[in-house]
Each structure stands twice: as structure tokens, then as C-alpha cells.
Amino acid sequence: MRPERRGGGIVAVVLNWNGGEDTLACLESLAVAEVDAICVDNGSADGSADLVAARFPDVELLRNGTNLGYAGGNNVGIRRALELGAEWVWLVNNDATVATDAAAALAVAAESRPDAGVLACKIYLADPPDVLWYAGGRFSTIVGYSGRQDGYGKRDGPAYDRPRDVERASGAAMAVSRAAIARAGLLDEDLFAYVEDVDWCLRISRSGFAVVFVPGARVWHRVSASSGGGRSTTSLYYDTRNTLAVVERHRPLPAGVRGLRRGIVVGAHLVQAVGRPNRRQAAAAVLDGWRDFRSGRLGRRDR
């Protein structure tokens with residue numbers, strides 16, 4: 001079953017920010033899968049937007065001129081996809097590639113689960129390509145902890161082939177319905193990047209829709225490529241700040257217990273920082289995220 005072409009069905013949105021060859025590979029995989037795609041460029045300086053325009057003339061290219069973050073950039077593409085009549089908007093990270101039958105699996109799932117507002121893809125590591133990165137996920141608003149994603153670091157197998165309801169999808173590859181967006185709204189641009197996919201899933205779930213894992217929608221992901229790789233402290237900063245913002249938004253607690261939860265969130269991220277090769281910079285990023293949260297500074301990080 002192939003999803004409908006432009007004017008309905010599924011439209012993919014790919015956000016590019018200095019994505020180079022990764023973005024081109026992503027768009028090529030979508031072209032092979034016969035999925036209409038919108039590429040949103042967040043003010044790239046590496047010439048990748050021009051390469052997209054040259055190599056993929058059938059892909060609509062939207063140039064923001066500045067970095068609006070994951071949330072703001074994708075929202076530009078989501079609005080355009082809805083204008084084109086998409087019933088489902090498929091967010092695909094620019095450092096990911098999709099299987100030729102992934103969109104068809106999403107279309108089948110959408111038909112079989114009319115209560116679904118989010119369809120979560122099965123995501124593998126790019127290398128080795130049979131090792132899972134995401135096959136379902138949870139999120140505890142009480143302590144602000146996601147835990148290991150289901151299947152993380154394991155080879156794919158029958159245990160991960162069952163469609164089921166999950167608590168959160170991964171923003172690296174997730175499809176969201178027009179109906180869910182109409183009721184729950186777009187991505188929260190105050191979060192800028194990281195944890196905004198969790199917040200979106202929580203809002204969509206509270207709006208009455210299910211988040212459904214679709215094992216047939218296979219995607220391969222170069223984890224952290226878009227944020228600078230393993231030495232980058234960007235993810236630690238935003239993940240600390242935004243986790244605190246999201247849990248307090250979705251699960252308010254009394255002052256004393258709230259303070260304990262904040263300590264758990266910051267402490268867990270400091271533990272991650274210690275494991276980084278640049279541990280001092282990583283720890284500083286966590287503390288910056290904590291301070292900015294306390295000061296109410298959201299949006300793009302003020303460097």
C-alpha cells in the first residue's frame with residue numbers, strides 16, 4: 001500500500017541545518033520511497049540548501065534564513081504540509097534514512113488505528129544497521145526520566161515486531177495526524193530543541209489520541225549528527241533545561257517534592273556529563289541549563 005501523493009496522505013518534513021550529505025541521503029531515501037517531502041532550511045551556512053535545490057527540484061525548499069531550532073523549523077514545514085492537504089505529517093531527521101516501505105507501513109497503521117495521533121517508527125542505528133535505537137519509549141513526569149528506549153543497543157528480533165501503544169515517540173522519525181495537531185497544537189518553540197517531542201506526545205495523549213509504535217516503519221539514524229556528535233554539549237544543555245520545564249508543566253508538585261525532582265533531573269544529567277570526554281564543559285552545560293530554567297530563559301540558548 002503506497003500513501004497518497006501530495007494533496008493528502010503523508011507528507012514528510014526534513015529539517016536541515018548544515019546537514020551536508022546527510023540531508024541529501026535522507027531526501028534520496030524519501031524519493032525512493034515515493035513520499036512527498038518538504039525540506040526546511042534553518043539558515044545553513046554550508047551550502048547544503050543550494051545542493052537540495054539543485055538535486056531535488058521536486059522537493060519544496062523553505063528557507064528560514066536563521067536557526068529556529070528543531071521546534072520552530074519543523075513547525076514551518078508542518079504548517080506547509082497541512083496547507084498542502086496532508087493528513088499525516090512525517091517528521092524525519094535529516095541524518096536519518098527511511099526504508100522503501102516505511103511510509104506504506106505508516107499508512108496501514110493509520111487506517112487500522114483511527115484513534116492514533118502519533119505513529120512512532122522503529123529506528124535503528126546507522127551503524128551497525130541491525131541494532132536498534134528506538135522500539136518504543138516511556139517518560140515519567142514524576143521524576144523526569146525516560147529510561148532506556150525499548151530495544152536500545154539490541155539486535156532487532158521478533159520481540160520488537162509487535163505494534164503497541166507507547167508513551168512517547170522519537171522526534172527522529174514520527175508521524176503526527178492533522179487531527180492531533182488541530183487539537184494539541186504544534187511543537188513548543190520555547191523548547192527550541194530536545195524534549196519537545198516528549199512534550200508533544202504528552203499533549204497529544206492528553207488530547208485523547210494514542211501514540212502507537214509501528215514496527216514496519218523502519219528508519220536508520222546517525223544519532224547526534226545534527227547536533228555535533230558525541231563531544232557536543234548542546235544536547236545536555238537543552239535536555240536538562242527542557243526536561244525540567246516539561247515535567248513541571250505536565251506534573252506540578254508541591255514545593256518540597258518539586259525541589260527533590262529538580263535535584264534528580266540535574267543529578268542524572270551530571271552523571272551523563274561525567275561520562276563525556278569533555279566532562280568539564282559537559283557539566284557546565286548541565287548547570288547552565290539548570291540556571292536558565294530557574295531564570296525562565298527558554299528558546300535558543302544565549303551564548
# chains A, B, ... in the order shown; residues from 1 in each chain; ligands from 1

$ residues_around --residues "Ser177 of chain A" --least-positions-apart "3" --cutoff "9 Å" --atoms "only C-alpha atoms" --output "MDAnalysis selection string"
chainID A and resid 86:90 110 116:119 180:182

$ residues_around --residues "Val13 of chain A" --least-positions-apart "2" --cutoff "9 Å" --atoms "only C-alpha atoms" --output "ChimeraX atom specification"
/A:11,15,36-40,74,77-78,81,89-93

$ closest_residue --among "A:Ile204, A:Ala45, A:Ala184, A:Ala135" --to "Gly65 of chain A" --atoms "only C-alpha atoms"
A:Ala45

$ select_by_dssp --residues "segment 177-290 of chain A" --states "helix (DSSP H, G or I)" --output "PyMOL selection string"
chain A and resi 178-184+196-206+225-227+234-250+255-274+279-290

$ residues_around --residues "Leu30 of chain A" --least-positions-apart "3" --cutoff "9 Å" --atoms "only C-alpha atoms" --output "list in words"
Ala12, Ala25, Cys26, Leu27, Ala33, Glu34, Val35, Asp36, Ala37, Thr97, Val98, Ala99, Thr100 and Ala103 of chain A

$ write_last_selection --atoms "C-alpha atoms" --output "mmCIF file, in the first residue's frame"
data_model
loop_
_atom_site.group_PDB
_atom_site.id
_atom_site.type_symbol
_atom_site.label_atom_id
_atom_site.label_comp_id
_atom_site.auth_asym_id
_atom_site.auth_seq_id
_atom_site.Cartn_x
_atom_site.Cartn_y
_atom_site.Cartn_z
ATOM 1 C CA ALA A 12 7.475 14.220 5.132
ATOM 2 C CA ALA A 25 20.806 10.976 1.647
ATOM 3 C CA CYS A 26 17.635 11.475 3.687
ATOM 4 C CA LEU A 27 15.793 13.114 0.809
ATOM 5 C CA ALA A 33 10.001 5.507 -1.087
ATOM 6 C CA GLU A 34 7.842 7.808 -3.253
ATOM 7 C CA VAL A 35 6.978 10.135 -0.389
ATOM 8 C CA ASP A 36 6.493 13.844 -0.972
ATOM 9 C CA ALA A 37 8.925 15.841 1.140
ATOM 10 C CA THR A 97 17.169 7.403 6.032
ATOM 11 C CA VAL A 98 13.905 5.524 5.615
ATOM 12 C CA ALA A 99 13.060 2.069 4.289
ATOM 13 C CA THR A 100 11.273 1.950 0.938
ATOM 14 C CA ALA A 103 5.554 5.173 4.579
#

$ residues_around --residues "Thr233 of chain A" --least-positions-apart "6" --cutoff "8 Å" --atoms "only C-alpha atoms" --output "count of residues only"
3

$ closest_residue --among "A:Ala107, A:Ala53, A:Leu61, A:Val246" --to "Leu202 of chain A" --atoms "only C-alpha atoms"
A:Val246

$ decode --residues "segment 264-303 of chain A" --atoms "N, CA and C atoms" --output "compact mmCIF listing (two decimals), in the first residue's frame"
# COMPACT_ATOMS: atom_id res chain seq x y z
N ILE A 264 16.94 15.49 41.15
CA ILE A 264 17.08 14.22 40.44
C ILE A 264 17.41 14.47 38.97
N VAL A 265 16.69 15.40 38.35
CA VAL A 265 16.91 15.68 36.93
C VAL A 265 18.32 16.22 36.70
N VAL A 266 18.72 17.22 37.49
CA VAL A 266 20.05 17.80 37.31
C VAL A 266 21.13 16.77 37.63
N GLY A 267 20.93 15.99 38.70
CA GLY A 267 21.92 14.99 39.08
C GLY A 267 22.10 13.93 38.01
N ALA A 268 20.99 13.49 37.41
CA ALA A 268 21.08 12.47 36.36
C ALA A 268 21.86 12.99 35.16
N HIS A 269 21.67 14.25 34.84
CA HIS A 269 22.40 14.82 33.70
C HIS A 269 23.87 15.05 34.03
N LEU A 270 24.17 15.36 35.28
CA LEU A 270 25.57 15.50 35.67
C LEU A 270 26.29 14.15 35.59
N VAL A 271 25.59 13.08 35.91
CA VAL A 271 26.18 11.75 35.77
C VAL A 271 26.52 11.48 34.31
N GLN A 272 25.62 11.87 33.41
CA GLN A 272 25.91 11.74 31.98
C GLN A 272 27.14 12.56 31.60
N ALA A 273 27.23 13.77 32.16
CA ALA A 273 28.35 14.66 31.82
C ALA A 273 29.68 14.05 32.22
N VAL A 274 29.72 13.38 33.36
CA VAL A 274 30.96 12.79 33.85
C VAL A 274 31.47 11.73 32.87
N GLY A 275 30.56 11.09 32.17
CA GLY A 275 30.96 10.07 31.22
C GLY A 275 31.43 10.60 29.89
N ARG A 276 31.36 11.91 29.69
CA ARG A 276 31.81 12.51 28.44
C ARG A 276 33.31 12.76 28.46
N PRO A 277 33.98 12.71 27.31
CA PRO A 277 35.43 13.00 27.28
C PRO A 277 35.74 14.44 27.69
N ASN A 278 34.81 15.36 27.41
CA ASN A 278 34.98 16.76 27.80
C ASN A 278 34.09 17.05 29.01
N ARG A 279 34.35 16.35 30.10
CA ARG A 279 33.41 16.34 31.23
C ARG A 279 33.19 17.71 31.85
N ARG A 280 34.23 18.55 31.87
CA ARG A 280 34.04 19.87 32.50
C ARG A 280 33.06 20.73 31.70
N GLN A 281 33.26 20.76 30.39
CA GLN A 281 32.34 21.52 29.54
C GLN A 281 30.93 20.94 29.59
N ALA A 282 30.86 19.60 29.65
CA ALA A 282 29.56 18.94 29.71
C ALA A 282 28.84 19.28 31.01
N ALA A 283 29.55 19.23 32.12
CA ALA A 283 28.94 19.58 33.40
C ALA A 283 28.51 21.04 33.43
N ALA A 284 29.32 21.91 32.84
CA ALA A 284 28.96 23.33 32.77
C ALA A 284 27.68 23.53 31.96
N ALA A 285 27.50 22.75 30.89
CA ALA A 285 26.29 22.86 30.08
C ALA A 285 25.06 22.45 30.88
N VAL A 286 25.19 21.39 31.68
CA VAL A 286 24.08 20.95 32.53
C VAL A 286 23.69 22.05 33.51
N LEU A 287 24.70 22.64 34.17
CA LEU A 287 24.42 23.69 35.15
C LEU A 287 23.87 24.95 34.48
N ASP A 288 24.33 25.24 33.26
CA ASP A 288 23.75 26.36 32.51
C ASP A 288 22.27 26.11 32.23
N GLY A 289 21.96 24.88 31.86
CA GLY A 289 20.56 24.55 31.61
C GLY A 289 19.72 24.71 32.85
N TRP A 290 20.25 24.30 33.98
CA TRP A 290 19.55 24.44 35.26
C TRP A 290 19.31 25.91 35.61
N ARG A 291 20.37 26.72 35.45
CA ARG A 291 20.25 28.14 35.78
C ARG A 291 19.25 28.84 34.86
N ASP A 292 19.32 28.52 33.56
CA ASP A 292 18.40 29.17 32.63
C ASP A 292 16.96 28.76 32.90
N PHE A 293 16.74 27.51 33.27
CA PHE A 293 15.39 27.09 33.64
C PHE A 293 14.89 27.89 34.84
N ARG A 294 15.72 28.00 35.87
CA ARG A 294 15.31 28.73 37.08
C ARG A 294 15.01 30.19 36.77
N SER A 295 15.74 30.74 35.79
CA SER A 295 15.53 32.15 35.44
C SER A 295 14.41 32.35 34.43
N GLY A 296 13.83 31.24 33.96
CA GLY A 296 12.74 31.32 32.98
C GLY A 296 13.22 31.62 31.58
N ARG A 297 14.52 31.38 31.31
CA ARG A 297 15.05 31.64 29.98
C ARG A 297 14.90 30.39 29.11
N LEU A 298 13.97 30.43 28.21
CA LEU A 298 13.76 29.33 27.27
C LEU A 298 14.13 29.82 25.88
N GLY A 299 13.72 29.09 24.85
CA GLY A 299 14.10 29.47 23.49
C GLY A 299 15.53 29.08 23.19
N ARG A 300 16.13 29.78 22.24
CA ARG A 300 17.51 29.47 21.84
C ARG A 300 18.49 29.85 22.95
N ARG A 301 19.49 29.00 23.15
CA ARG A 301 20.47 29.26 24.20
C ARG A 301 21.21 30.55 23.93
N ASP A 302 21.33 31.36 24.95
CA ASP A 302 22.06 32.62 24.85
C ASP A 302 23.53 32.34 25.13
N ARG A 303 24.33 32.33 24.06
CA ARG A 303 25.74 32.00 24.25
C ARG A 303 26.53 33.21 24.73
